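Trainee: I'd like to ask some things about the structure below.
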Amino acid sequence: MSTLNQIVKELLQSGKVSSAIGYAEGTIPGKVQTIIAKTPEQAEKFIFNSFCVNNLVTYLTRGFKLTGEKPVAVVVKGCDARSIIALIQENQLTREQVYIIGVACNGVKDKDGNEAVKCRACQSHTPAVYDTLVGEPVEEKPVNPAEAFKDVEKLESMSVSERWEFWNKEFEKCIRCYACRQACPLCYCERCVVDKTTPQWIDSSAHPVGNLSWHITRAFHLAGRCTGCGECERACHQNIPLGLLNKKMSKEIFKNFGYRAGKDMNAKPPLTEFKIEDKEEFIR
C-alpha cells in the first residue's frame, strides 16, 4: 500500500493536481501545521497522526480560487469529507475540482491530548468519498441517535430562562474576532452579513446585543449544513461552546427531517427543499 507521502509525490510529479493540502510536523511537540505542497519534494513533509485535528477543507473556500484546470488534492478524515460533500451540494465546488486523499481515522486529540469531543459519537471513521484511501477502512459502529446528541441533553433539561441566562453569559465573552467564521468550511460568503453597513443588520461591536445577534444568526445559517467538524469551537479562544449550539440545531434538523449534513452528495439540505409530506408540528 502506498504511503501518504508517495501518493502526494506521485500526484505532483504526474501533474495530475496543481497542489496538495495536508499536515506537517508543527514547531511545538504534539502539534501539526498545514502544508500546501506544489513540488514533489515538499510531499516528503506530509504526515498523518492523532494530532491532525483541524479540517483542511476550509482552505478550499478560502485559500484557493478553484479554476477547474487542475484539481487540488486535500487530505481528509471521514468527518472532513462531509464538509466536501456539503460544499458540492451547495455548488461551491465540483467533484472534479478536488482530488480527495482519504485517511482512515480512529480518532484525533484536542489541545490537551484528550480524545476530541467530535470523535465520541463519530460515524465517519472512513471518508464516504475519496479518490485514494490511506490505511484500511475502519468498520463503523452504529451510534444511537440519542447517544450522538447526548451532550445537548443538559442544555435541554434547563428551563427557558436558564438557557437564556446560560447563552447570554457565554456570548458576553465574545470579542467579535470572527475566528469561528474564518475556521468554518461552510462560512464562505465573500461578504458576511455582519460586515454589511448599508444597512447594518448586526451591530459589529462586542456587546451583549450585537454578540447575541451574531451567534444566533450564524447558528441559523448553519442549520442543516453544519457537519460537526468542531473547528469553530476549537478556534474560539474565549472557549464559547459553539459546537453545543450547532449540535442542538443539528438535532432539531435530524428530529424533524431525518437529515445529517454531508452524508449524501445527492441529497438536498432540508431547508433548501420543499416536500409536501414534510411534518409541520413544529410550526407555531
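Residues in the C-alpha cells are named by chain (A, B, ... in the order shown) and by number from 1 within that chain; ligands are numbered from 1 in the order shown.
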Mind the document's chain letters and residue numbers, and return as a VMD selection string the residues of stretch 62-261 of chain A that DSSP labels strand (DSSP E).

Mentor: chain A and resid 72 to 76 98 to 103 132 to 134

Trainee: For A:Ala43, please output as a list in words all residues within 12 Å (counting only C-alpha atoms; exclusion window: fewer than 4 positions along the same chain).

Mentor: Thr3, Leu4, Asn5, Gln6, Ile7, Val8, Lys9, Glu10, Leu11, Leu12, Gln13, Ser19, Ala20, Ile21, Gly22, Tyr23, Ala24, Ile35, Ile36, Ala37, Lys38, Thr39, Ile47, Ala73 and Val75 of chain A

Trainee: Mind listing the helix (DSSP H, G or I) residues of stretch 16-241 of chain A, per DSSP on the backbone, as number ranges by chain?

Mentor: A: 40-45, 58-62, 78-89, 95-97, 117-119, 145-148, 150-157, 160-171, 179-183, 193-195, 208-221, 231-235

Trainee: Let's have the selection written as a short mmCIF file (atom, residue, chain, number, x, y, z; two decimals), in the first residue's frame, with C-alpha atoms.

Mentor:
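part-v8.cif was written with the following content:
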```cif
data_model
loop_
_atom_site.label_atom_id
_atom_site.label_comp_id
_atom_site.auth_asym_id
_atom_site.auth_seq_id
_atom_site.Cartn_x
_atom_site.Cartn_y
_atom_site.Cartn_z
CA PRO A 40 7.24 16.58 -5.22
CA GLU A 41 9.99 17.41 -2.71
CA GLN A 42 7.50 19.08 -0.38
CA ALA A 43 5.46 15.88 -0.33
CA GLU A 44 8.08 14.33 1.98
CA LYS A 45 6.81 16.54 4.81
CA THR A 58 -11.58 25.27 4.86
CA TYR A 59 -8.67 26.03 2.53
CA LEU A 60 -10.75 25.04 -0.50
CA THR A 61 -13.05 28.02 0.00
CA ARG A 62 -10.56 30.49 1.49
CA GLY A 78 -14.09 10.95 7.46
CA CYS A 79 -15.60 13.94 9.24
CA ASP A 80 -13.76 16.37 6.96
CA ALA A 81 -15.08 14.60 3.85
CA ARG A 82 -18.59 15.53 4.98
CA SER A 83 -17.62 19.20 4.52
CA ILE A 84 -16.59 18.50 0.93
CA ILE A 85 -19.92 16.80 0.27
CA ALA A 86 -21.76 19.80 1.73
CA LEU A 87 -19.79 22.21 -0.47
CA ILE A 88 -20.57 20.15 -3.57
CA GLN A 89 -24.25 20.10 -2.61
CA ARG A 95 -16.25 16.86 -7.62
CA GLU A 96 -13.73 17.25 -10.45
CA GLN A 97 -12.06 20.25 -8.80
CA VAL A 117 -15.32 15.81 21.55
CA LYS A 118 -16.34 15.28 17.92
CA CYS A 119 -14.86 11.77 17.99
CA PRO A 145 -29.16 8.97 17.74
CA ALA A 146 -29.72 9.66 21.44
CA GLU A 147 -26.04 8.95 22.10
CA ALA A 148 -24.95 11.14 19.21
CA LYS A 150 -26.05 13.21 24.40
CA ASP A 151 -24.08 16.38 25.14
CA VAL A 152 -27.11 18.57 24.43
CA GLU A 153 -29.28 16.78 26.99
CA LYS A 154 -28.07 19.01 29.83
CA LEU A 155 -28.93 22.07 27.79
CA GLU A 156 -32.39 20.73 27.01
CA SER A 157 -33.01 19.93 30.67
CA VAL A 160 -36.14 28.60 29.01
CA SER A 161 -34.93 31.26 31.43
CA GLU A 162 -31.92 29.14 32.45
CA ARG A 163 -30.94 28.61 28.81
CA TRP A 164 -31.32 32.32 28.13
CA GLU A 165 -29.04 33.11 31.07
CA PHE A 166 -26.54 30.42 30.02
CA TRP A 167 -26.14 31.65 26.45
CA ASN A 168 -26.08 35.32 27.40
CA LYS A 169 -23.27 34.58 29.85
CA GLU A 170 -21.34 32.68 27.18
CA PHE A 171 -21.87 35.28 24.46
CA ALA A 179 -12.20 33.20 14.31
CA CYS A 180 -15.24 30.88 14.32
CA ARG A 181 -16.31 32.20 10.93
CA GLN A 182 -12.83 32.03 9.42
CA ALA A 183 -12.29 28.44 10.58
CA VAL A 193 -23.85 39.79 6.80
CA VAL A 194 -22.04 41.10 9.87
CA ASP A 195 -19.72 43.17 7.66
CA PRO A 208 -24.47 41.72 24.53
CA VAL A 209 -26.99 42.70 21.84
CA GLY A 210 -24.53 42.52 18.93
CA ASN A 211 -22.95 39.31 20.20
CA LEU A 212 -26.30 37.58 20.63
CA SER A 213 -27.41 38.65 17.15
CA TRP A 214 -24.17 37.43 15.59
CA HIS A 215 -24.11 33.96 17.15
CA ILE A 216 -27.81 33.26 16.71
CA THR A 217 -27.69 34.41 13.06
CA ARG A 218 -24.65 32.24 12.37
CA ALA A 219 -26.27 29.21 14.05
CA PHE A 220 -29.37 29.57 11.88
CA HIS A 221 -27.25 29.99 8.76
CA GLU A 231 -13.44 23.97 14.01
CA CYS A 232 -15.48 26.97 15.20
CA GLU A 233 -15.27 25.95 18.85
CA ARG A 234 -11.62 24.93 18.54
CA ALA A 235 -10.75 28.34 17.07
#
```

Trainee: I'd like to know which of A:Val72, A:Arg225, A:Lys275, A:Gln92 is closest to A:Glu190, using only C-alpha atoms.

Mentor: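 Using only C-alpha atoms, A:Glu190 sits closest to A:Gln92.
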
Trainee: Need to verify the contact set: A:Lys141, 12 Å, only C-alpha atoms, exclusion of same-chain residues closer than 5 positions in sequence. Can you return it as a list of chain:residue names?

Mentor: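 The residues that qualify are A:Asn106, A:Arg120, A:Ala121, A:Cys122, A:Gln123, A:Ser124, A:His125, A:Thr126.
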
Trainee: Those residues with C-alpha atoms, as a PDB file, in the first residue's frame please?

Mentor:
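Now in selection.pdb:
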```pdb
ATOM      1  CA  ASN A 106      -9.579   6.086  14.671  1.00  0.00           C
ATOM      2  CA  ARG A 120     -17.025  10.449  20.828  1.00  0.00           C
ATOM      3  CA  ALA A 121     -20.019   9.658  18.647  1.00  0.00           C
ATOM      4  CA  CYS A 122     -18.267   9.573  15.278  1.00  0.00           C
ATOM      5  CA  GLN A 123     -19.808   7.556  12.458  1.00  0.00           C
ATOM      6  CA  SER A 124     -17.357   8.688   9.794  1.00  0.00           C
ATOM      7  CA  HIS A 125     -14.062   6.938  10.544  1.00  0.00           C
ATOM      8  CA  THR A 126     -13.594   6.272   6.829  1.00  0.00           C
TER       9      THR A 126
END
```
